[in-house]
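Visitor: Just input.cif, nothing more (mmCIF, N, CA and C atoms):
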```cif
data_work
loop_
_atom_site.label_atom_id
_atom_site.label_comp_id
_atom_site.auth_asym_id
_atom_site.auth_seq_id
_atom_site.Cartn_x
_atom_site.Cartn_y
_atom_site.Cartn_z
N MET A 1155 139.91 -58.11 -153.56
CA MET A 1155 139.00 -57.77 -152.49
C MET A 1155 139.59 -56.66 -151.65
N LYS A 1156 138.75 -55.97 -150.92
CA LYS A 1156 139.21 -54.87 -150.08
C LYS A 1156 138.94 -55.20 -148.62
N ALA A 1157 139.84 -54.75 -147.77
CA ALA A 1157 139.68 -54.91 -146.33
C ALA A 1157 140.26 -53.67 -145.66
N LYS A 1158 139.73 -53.34 -144.51
CA LYS A 1158 140.30 -52.24 -143.72
C LYS A 1158 141.28 -52.86 -142.74
N VAL A 1159 142.53 -52.44 -142.83
CA VAL A 1159 143.57 -52.95 -141.95
C VAL A 1159 144.05 -51.77 -141.11
N ASN A 1160 143.80 -51.86 -139.83
CA ASN A 1160 144.13 -50.78 -138.90
C ASN A 1160 143.58 -49.44 -139.39
N GLY A 1161 142.35 -49.49 -139.93
CA GLY A 1161 141.66 -48.28 -140.34
C GLY A 1161 141.94 -47.81 -141.75
N LEU A 1162 142.90 -48.44 -142.44
CA LEU A 1162 143.24 -48.05 -143.80
C LEU A 1162 142.75 -49.12 -144.78
N GLU A 1163 142.08 -48.69 -145.84
CA GLU A 1163 141.60 -49.65 -146.82
C GLU A 1163 142.77 -50.17 -147.65
N ARG A 1164 142.78 -51.50 -147.79
CA ARG A 1164 143.84 -52.16 -148.57
C ARG A 1164 143.22 -53.12 -149.56
N GLU A 1165 143.88 -53.27 -150.67
CA GLU A 1165 143.48 -54.25 -151.67
C GLU A 1165 144.25 -55.53 -151.37
N LEU A 1166 143.52 -56.63 -151.19
CA LEU A 1166 144.12 -57.92 -150.89
C LEU A 1166 143.67 -58.94 -151.93
N ALA A 1167 144.46 -59.96 -152.11
CA ALA A 1167 144.09 -61.04 -153.03
C ALA A 1167 142.93 -61.83 -152.43
N ASP A 1168 142.07 -62.35 -153.30
CA ASP A 1168 141.00 -63.22 -152.83
C ASP A 1168 141.61 -64.39 -152.08
N GLY A 1169 140.98 -64.79 -150.99
CA GLY A 1169 141.49 -65.91 -150.20
C GLY A 1169 142.57 -65.52 -149.21
N SER A 1170 142.81 -64.23 -149.04
CA SER A 1170 143.83 -63.78 -148.08
C SER A 1170 143.44 -64.20 -146.67
N THR A 1171 144.44 -64.49 -145.87
CA THR A 1171 144.24 -64.91 -144.49
C THR A 1171 144.82 -63.85 -143.55
N VAL A 1172 144.61 -64.07 -142.27
CA VAL A 1172 145.22 -63.20 -141.27
C VAL A 1172 146.74 -63.23 -141.43
N ALA A 1173 147.30 -64.40 -141.68
CA ALA A 1173 148.75 -64.52 -141.86
C ALA A 1173 149.23 -63.69 -143.06
N THR A 1174 148.42 -63.63 -144.11
CA THR A 1174 148.76 -62.81 -145.29
C THR A 1174 148.88 -61.35 -144.90
N VAL A 1175 147.94 -60.86 -144.11
CA VAL A 1175 147.95 -59.47 -143.69
C VAL A 1175 149.16 -59.19 -142.80
N LEU A 1176 149.47 -60.10 -141.90
CA LEU A 1176 150.63 -59.92 -141.03
C LEU A 1176 151.92 -59.86 -141.84
N ALA A 1177 152.03 -60.68 -142.87
CA ALA A 1177 153.21 -60.65 -143.72
C ALA A 1177 153.28 -59.32 -144.48
N LEU A 1178 152.13 -58.84 -144.95
CA LEU A 1178 152.06 -57.57 -145.65
C LEU A 1178 152.54 -56.42 -144.76
N LEU A 1179 152.20 -56.50 -143.48
CA LEU A 1179 152.58 -55.45 -142.52
C LEU A 1179 153.97 -55.66 -141.95
N ASP A 1180 154.61 -56.78 -142.31
CA ASP A 1180 155.92 -57.13 -141.74
C ASP A 1180 155.85 -57.12 -140.21
N ALA A 1181 154.79 -57.73 -139.69
CA ALA A 1181 154.57 -57.78 -138.24
C ALA A 1181 155.61 -58.68 -137.58
N PRO A 1182 156.00 -58.35 -136.36
CA PRO A 1182 156.97 -59.19 -135.65
C PRO A 1182 156.35 -60.56 -135.32
N PRO A 1183 157.20 -61.58 -135.12
CA PRO A 1183 156.67 -62.92 -134.86
C PRO A 1183 156.04 -63.08 -133.47
N ARG A 1184 156.33 -62.16 -132.56
CA ARG A 1184 155.78 -62.26 -131.20
C ARG A 1184 155.20 -60.93 -130.78
N GLY A 1185 154.32 -60.98 -129.78
CA GLY A 1185 153.76 -59.76 -129.24
C GLY A 1185 152.70 -59.13 -130.13
N VAL A 1186 151.99 -59.97 -130.90
CA VAL A 1186 150.98 -59.47 -131.83
C VAL A 1186 149.63 -60.09 -131.48
N ALA A 1187 148.58 -59.29 -131.56
CA ALA A 1187 147.21 -59.76 -131.41
C ALA A 1187 146.42 -59.28 -132.62
N VAL A 1188 145.46 -60.09 -133.06
CA VAL A 1188 144.68 -59.76 -134.26
C VAL A 1188 143.20 -59.94 -133.96
N ALA A 1189 142.40 -58.98 -134.43
CA ALA A 1189 140.94 -59.10 -134.37
C ALA A 1189 140.40 -58.87 -135.78
N VAL A 1190 139.42 -59.68 -136.16
CA VAL A 1190 138.74 -59.52 -137.44
C VAL A 1190 137.27 -59.25 -137.14
N ASP A 1191 136.79 -58.14 -137.62
CA ASP A 1191 135.40 -57.72 -137.38
C ASP A 1191 135.05 -57.77 -135.89
N GLY A 1192 136.01 -57.33 -135.06
CA GLY A 1192 135.77 -57.23 -133.63
C GLY A 1192 135.96 -58.51 -132.83
N GLU A 1193 136.32 -59.60 -133.49
CA GLU A 1193 136.53 -60.89 -132.81
C GLU A 1193 138.01 -61.24 -132.82
N VAL A 1194 138.57 -61.53 -131.66
CA VAL A 1194 139.97 -61.92 -131.56
C VAL A 1194 140.18 -63.25 -132.29
N VAL A 1195 141.24 -63.31 -133.07
CA VAL A 1195 141.59 -64.53 -133.80
C VAL A 1195 142.79 -65.16 -133.10
N PRO A 1196 142.63 -66.38 -132.58
CA PRO A 1196 143.76 -67.05 -131.93
C PRO A 1196 144.92 -67.27 -132.90
N ARG A 1197 146.12 -67.20 -132.38
CA ARG A 1197 147.32 -67.38 -133.20
C ARG A 1197 147.26 -68.67 -134.02
N ALA A 1198 146.75 -69.73 -133.45
CA ALA A 1198 146.68 -71.02 -134.13
C ALA A 1198 145.79 -70.97 -135.37
N ALA A 1199 144.93 -69.97 -135.47
CA ALA A 1199 144.00 -69.87 -136.60
C ALA A 1199 144.42 -68.83 -137.64
N TRP A 1200 145.55 -68.20 -137.48
CA TRP A 1200 145.96 -67.14 -138.40
C TRP A 1200 146.13 -67.65 -139.83
N ASP A 1201 146.65 -68.86 -140.00
CA ASP A 1201 146.87 -69.40 -141.34
C ASP A 1201 145.58 -69.86 -142.00
N THR A 1202 144.55 -70.12 -141.22
CA THR A 1202 143.33 -70.70 -141.77
C THR A 1202 142.13 -69.75 -141.75
N THR A 1203 142.27 -68.60 -141.12
CA THR A 1203 141.17 -67.63 -141.07
C THR A 1203 141.20 -66.78 -142.34
N THR A 1204 140.28 -67.10 -143.25
CA THR A 1204 140.18 -66.38 -144.52
C THR A 1204 139.34 -65.12 -144.33
N LEU A 1205 139.80 -64.04 -144.90
CA LEU A 1205 139.11 -62.76 -144.76
C LEU A 1205 138.05 -62.59 -145.84
N ALA A 1206 136.93 -62.02 -145.46
CA ALA A 1206 135.86 -61.72 -146.40
C ALA A 1206 136.07 -60.31 -146.95
N ASP A 1207 135.51 -60.06 -148.11
CA ASP A 1207 135.56 -58.72 -148.68
C ASP A 1207 134.92 -57.74 -147.70
N GLY A 1208 135.61 -56.65 -147.44
CA GLY A 1208 135.10 -55.64 -146.52
C GLY A 1208 135.42 -55.89 -145.06
N ALA A 1209 136.22 -56.91 -144.77
CA ALA A 1209 136.58 -57.24 -143.38
C ALA A 1209 137.34 -56.08 -142.74
N ALA A 1210 137.15 -55.94 -141.43
CA ALA A 1210 137.90 -54.96 -140.65
C ALA A 1210 138.91 -55.72 -139.80
N VAL A 1211 140.19 -55.51 -140.08
CA VAL A 1211 141.25 -56.23 -139.39
C VAL A 1211 142.04 -55.24 -138.53
N GLU A 1212 142.19 -55.57 -137.27
CA GLU A 1212 143.00 -54.75 -136.37
C GLU A 1212 144.18 -55.58 -135.91
N VAL A 1213 145.37 -55.05 -136.11
CA VAL A 1213 146.60 -55.72 -135.69
C VAL A 1213 147.25 -54.86 -134.62
N LEU A 1214 147.42 -55.45 -133.46
CA LEU A 1214 148.01 -54.73 -132.33
C LEU A 1214 149.32 -55.36 -131.94
N THR A 1215 150.31 -54.54 -131.65
CA THR A 1215 151.60 -55.05 -131.20
C THR A 1215 151.88 -54.52 -129.80
N ALA A 1216 152.42 -55.39 -128.99
CA ALA A 1216 152.77 -55.02 -127.62
C ALA A 1216 154.05 -54.19 -127.63
N VAL A 1217 154.10 -53.20 -126.78
CA VAL A 1217 155.30 -52.39 -126.64
C VAL A 1217 155.67 -52.30 -125.17
N GLN A 1218 156.96 -52.24 -124.91
CA GLN A 1218 157.41 -52.11 -123.54
C GLN A 1218 157.64 -50.64 -123.25
N GLY A 1219 157.53 -50.32 -122.02
CA GLY A 1219 157.79 -48.94 -121.63
C GLY A 1219 157.16 -48.64 -120.29
N GLY A 1220 157.31 -47.44 -119.90
CA GLY A 1220 156.75 -47.11 -118.62
C GLY A 1220 156.49 -45.65 -118.49
#
```
Please, can you express the file's structure as structure tokens?

Guide:
Amino acid sequence: MKAKVNGLERELADGSTVATVLALLDAPPRGVAVAVDGEVVPRAAWDTTTLADGAAVEVLTAVQGG
């Protein structure tokens, strides 16, 4: 299946979850927010939120600075 992850099309295995995408991106364990098709996905649902073909996934990481 295909999904857009941060604007780039990626090929993912069927049944991929938000957690799968985060592992693919080597995302840090903290300071991350995820939205699928414009809806924020709570951290508690990352392992169980299955992505549909053509899903748009946005992964945001917090950065410090000033």

Visitor: Within 6.5 Å of stretch 1214-1218 of chain A, counting only N, CA and C atoms, which residues qualify if same-chain residues fewer than 6 places away don't, as a ChimeraX atom specification?

Guide: /A:1184-1189

Visitor: Can you list, as number ranges by chain, the residues that the PyMOL selection byres (((chain A and resi 1175 and name CA) around 12) and name CA) selects here?

Guide: A: 1156-1160, 1164-1167, 1169-1174, 1176-1181, 1188-1190, 1200-1201, 1203-1205, 1209-1213

Visitor: From the DSSP assignment of the backbone, select every residue of chain A that is alpha helix (DSSP H), and format the answer as a list in words.

Guide: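 Those residues are Val1172, Ala1173, Thr1174, Val1175, Leu1176, Ala1177 and Leu1178 of chain A.
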
Visitor: What gap, in Å, lies between atom C of A:Gly1161 and atom CA of A:Gly1192?

Guide: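 We find that atom C of A:Gly1161 and atom CA of A:Gly1192 lie 13.9 Å from each other.
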
Visitor: By how many Å are atom C of A:Ala1199 and atom N of A:Pro1183 apart?

Guide: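 Computing the Euclidean distance for atom C of A:Ala1199 and atom N of A:Pro1183 yields 14.9 Å.
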
Visitor: For atom C of A:Met1155 and atom CA of A:Asp1168, quote the distance in Å rounded to one decimal.

Guide: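 Answer for the atom C of A:Met1155 to atom CA of A:Asp1168 separation: 6.8 Å.
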
Visitor: Once DSSP has gone over the backbone, tell me which residues of chain A are in strand (DSSP E or B), as a PyMOL selection string.

Guide: chain A and resi 1156-1159+1162-1165+1171+1186-1190+1193-1194+1204+1210-1215

Visitor: Output requested as a PDB file, in the frame of the given file - stretch 1160-1186 of chain A, filled out with N, CA, C and O atoms.

Guide:
```
ATOM      1  N   ASN A1160     143.800 -51.860-139.830  1.00  0.00           N
ATOM      2  CA  ASN A1160     144.130 -50.780-138.900  1.00  0.00           C
ATOM      3  C   ASN A1160     143.580 -49.440-139.390  1.00  0.00           C
ATOM      4  O   ASN A1160     144.239 -48.410-139.328  1.00  0.00           O
ATOM      5  N   GLY A1161     142.350 -49.490-139.930  1.00  0.00           N
ATOM      6  CA  GLY A1161     141.660 -48.280-140.340  1.00  0.00           C
ATOM      7  C   GLY A1161     141.940 -47.810-141.750  1.00  0.00           C
ATOM      8  O   GLY A1161     141.307 -46.892-142.234  1.00  0.00           O
ATOM      9  N   LEU A1162     142.900 -48.440-142.440  1.00  0.00           N
ATOM     10  CA  LEU A1162     143.240 -48.050-143.800  1.00  0.00           C
ATOM     11  C   LEU A1162     142.750 -49.120-144.780  1.00  0.00           C
ATOM     12  O   LEU A1162     143.001 -50.305-144.577  1.00  0.00           O
ATOM     13  N   GLU A1163     142.080 -48.690-145.840  1.00  0.00           N
ATOM     14  CA  GLU A1163     141.600 -49.650-146.820  1.00  0.00           C
ATOM     15  C   GLU A1163     142.770 -50.170-147.650  1.00  0.00           C
ATOM     16  O   GLU A1163     143.610 -49.417-148.096  1.00  0.00           O
ATOM     17  N   ARG A1164     142.780 -51.500-147.790  1.00  0.00           N
ATOM     18  CA  ARG A1164     143.840 -52.160-148.570  1.00  0.00           C
ATOM     19  C   ARG A1164     143.220 -53.120-149.560  1.00  0.00           C
ATOM     20  O   ARG A1164     142.206 -53.732-149.289  1.00  0.00           O
ATOM     21  N   GLU A1165     143.880 -53.270-150.670  1.00  0.00           N
ATOM     22  CA  GLU A1165     143.480 -54.250-151.670  1.00  0.00           C
ATOM     23  C   GLU A1165     144.250 -55.530-151.370  1.00  0.00           C
ATOM     24  O   GLU A1165     145.476 -55.526-151.267  1.00  0.00           O
ATOM     25  N   LEU A1166     143.520 -56.630-151.190  1.00  0.00           N
ATOM     26  CA  LEU A1166     144.120 -57.920-150.890  1.00  0.00           C
ATOM     27  C   LEU A1166     143.670 -58.940-151.930  1.00  0.00           C
ATOM     28  O   LEU A1166     142.603 -58.797-152.527  1.00  0.00           O
ATOM     29  N   ALA A1167     144.460 -59.960-152.110  1.00  0.00           N
ATOM     30  CA  ALA A1167     144.090 -61.040-153.030  1.00  0.00           C
ATOM     31  C   ALA A1167     142.930 -61.830-152.430  1.00  0.00           C
ATOM     32  O   ALA A1167     142.826 -61.962-151.211  1.00  0.00           O
ATOM     33  N   ASP A1168     142.070 -62.350-153.300  1.00  0.00           N
ATOM     34  CA  ASP A1168     141.000 -63.220-152.830  1.00  0.00           C
ATOM     35  C   ASP A1168     141.610 -64.390-152.080  1.00  0.00           C
ATOM     36  O   ASP A1168     142.655 -64.917-152.480  1.00  0.00           O
ATOM     37  N   GLY A1169     140.980 -64.790-150.990  1.00  0.00           N
ATOM     38  CA  GLY A1169     141.490 -65.910-150.200  1.00  0.00           C
ATOM     39  C   GLY A1169     142.570 -65.520-149.210  1.00  0.00           C
ATOM     40  O   GLY A1169     143.180 -66.389-148.589  1.00  0.00           O
ATOM     41  N   SER A1170     142.810 -64.230-149.040  1.00  0.00           N
ATOM     42  CA  SER A1170     143.830 -63.780-148.080  1.00  0.00           C
ATOM     43  C   SER A1170     143.440 -64.200-146.670  1.00  0.00           C
ATOM     44  O   SER A1170     142.255 -64.236-146.318  1.00  0.00           O
ATOM     45  N   THR A1171     144.440 -64.490-145.870  1.00  0.00           N
ATOM     46  CA  THR A1171     144.240 -64.910-144.490  1.00  0.00           C
ATOM     47  C   THR A1171     144.820 -63.850-143.550  1.00  0.00           C
ATOM     48  O   THR A1171     145.484 -62.907-143.989  1.00  0.00           O
ATOM     49  N   VAL A1172     144.610 -64.070-142.270  1.00  0.00           N
ATOM     50  CA  VAL A1172     145.220 -63.200-141.270  1.00  0.00           C
ATOM     51  C   VAL A1172     146.740 -63.230-141.430  1.00  0.00           C
ATOM     52  O   VAL A1172     147.404 -62.192-141.388  1.00  0.00           O
ATOM     53  N   ALA A1173     147.300 -64.400-141.680  1.00  0.00           N
ATOM     54  CA  ALA A1173     148.750 -64.520-141.860  1.00  0.00           C
ATOM     55  C   ALA A1173     149.230 -63.690-143.060  1.00  0.00           C
ATOM     56  O   ALA A1173     150.312 -63.094-143.015  1.00  0.00           O
ATOM     57  N   THR A1174     148.420 -63.630-144.110  1.00  0.00           N
ATOM     58  CA  THR A1174     148.760 -62.810-145.290  1.00  0.00           C
ATOM     59  C   THR A1174     148.880 -61.350-144.900  1.00  0.00           C
ATOM     60  O   THR A1174     149.821 -60.659-145.309  1.00  0.00           O
ATOM     61  N   VAL A1175     147.940 -60.860-144.110  1.00  0.00           N
ATOM     62  CA  VAL A1175     147.950 -59.470-143.690  1.00  0.00           C
ATOM     63  C   VAL A1175     149.160 -59.190-142.800  1.00  0.00           C
ATOM     64  O   VAL A1175     149.832 -58.171-142.952  1.00  0.00           O
ATOM     65  N   LEU A1176     149.470 -60.100-141.900  1.00  0.00           N
ATOM     66  CA  LEU A1176     150.630 -59.920-141.030  1.00  0.00           C
ATOM     67  C   LEU A1176     151.920 -59.860-141.840  1.00  0.00           C
ATOM     68  O   LEU A1176     152.803 -59.052-141.541  1.00  0.00           O
ATOM     69  N   ALA A1177     152.030 -60.680-142.870  1.00  0.00           N
ATOM     70  CA  ALA A1177     153.210 -60.650-143.720  1.00  0.00           C
ATOM     71  C   ALA A1177     153.280 -59.320-144.480  1.00  0.00           C
ATOM     72  O   ALA A1177     154.354 -58.722-144.611  1.00  0.00           O
ATOM     73  N   LEU A1178     152.130 -58.840-144.950  1.00  0.00           N
ATOM     74  CA  LEU A1178     152.060 -57.570-145.650  1.00  0.00           C
ATOM     75  C   LEU A1178     152.540 -56.420-144.760  1.00  0.00           C
ATOM     76  O   LEU A1178     153.223 -55.508-145.211  1.00  0.00           O
ATOM     77  N   LEU A1179     152.200 -56.500-143.480  1.00  0.00           N
ATOM     78  CA  LEU A1179     152.580 -55.450-142.520  1.00  0.00           C
ATOM     79  C   LEU A1179     153.970 -55.660-141.950  1.00  0.00           C
ATOM     80  O   LEU A1179     154.453 -54.831-141.177  1.00  0.00           O
ATOM     81  N   ASP A1180     154.610 -56.780-142.310  1.00  0.00           N
ATOM     82  CA  ASP A1180     155.920 -57.130-141.740  1.00  0.00           C
ATOM     83  C   ASP A1180     155.850 -57.120-140.210  1.00  0.00           C
ATOM     84  O   ASP A1180     156.727 -56.579-139.532  1.00  0.00           O
ATOM     85  N   ALA A1181     154.790 -57.730-139.690  1.00  0.00           N
ATOM     86  CA  ALA A1181     154.570 -57.780-138.240  1.00  0.00           C
ATOM     87  C   ALA A1181     155.610 -58.680-137.580  1.00  0.00           C
ATOM     88  O   ALA A1181     156.044 -59.674-138.168  1.00  0.00           O
ATOM     89  N   PRO A1182     156.000 -58.350-136.360  1.00  0.00           N
ATOM     90  CA  PRO A1182     156.970 -59.190-135.650  1.00  0.00           C
ATOM     91  C   PRO A1182     156.350 -60.560-135.320  1.00  0.00           C
ATOM     92  O   PRO A1182     155.125 -60.694-135.242  1.00  0.00           O
ATOM     93  N   PRO A1183     157.200 -61.580-135.120  1.00  0.00           N
ATOM     94  CA  PRO A1183     156.670 -62.920-134.860  1.00  0.00           C
ATOM     95  C   PRO A1183     156.040 -63.080-133.470  1.00  0.00           C
ATOM     96  O   PRO A1183     155.305 -64.026-133.235  1.00  0.00           O
ATOM     97  N   ARG A1184     156.330 -62.160-132.560  1.00  0.00           N
ATOM     98  CA  ARG A1184     155.780 -62.260-131.200  1.00  0.00           C
ATOM     99  C   ARG A1184     155.200 -60.930-130.780  1.00  0.00           C
ATOM    100  O   ARG A1184     155.516 -59.885-131.328  1.00  0.00           O
ATOM    101  N   GLY A1185     154.320 -60.980-129.780  1.00  0.00           N
ATOM    102  CA  GLY A1185     153.760 -59.760-129.240  1.00  0.00           C
ATOM    103  C   GLY A1185     152.700 -59.130-130.130  1.00  0.00           C
ATOM    104  O   GLY A1185     152.528 -57.917-130.126  1.00  0.00           O
ATOM    105  N   VAL A1186     151.990 -59.970-130.900  1.00  0.00           N
ATOM    106  CA  VAL A1186     150.980 -59.470-131.830  1.00  0.00           C
ATOM    107  C   VAL A1186     149.630 -60.090-131.480  1.00  0.00           C
ATOM    108  O   VAL A1186     149.539 -61.279-131.169  1.00  0.00           O
TER     109      VAL A1186
END
```
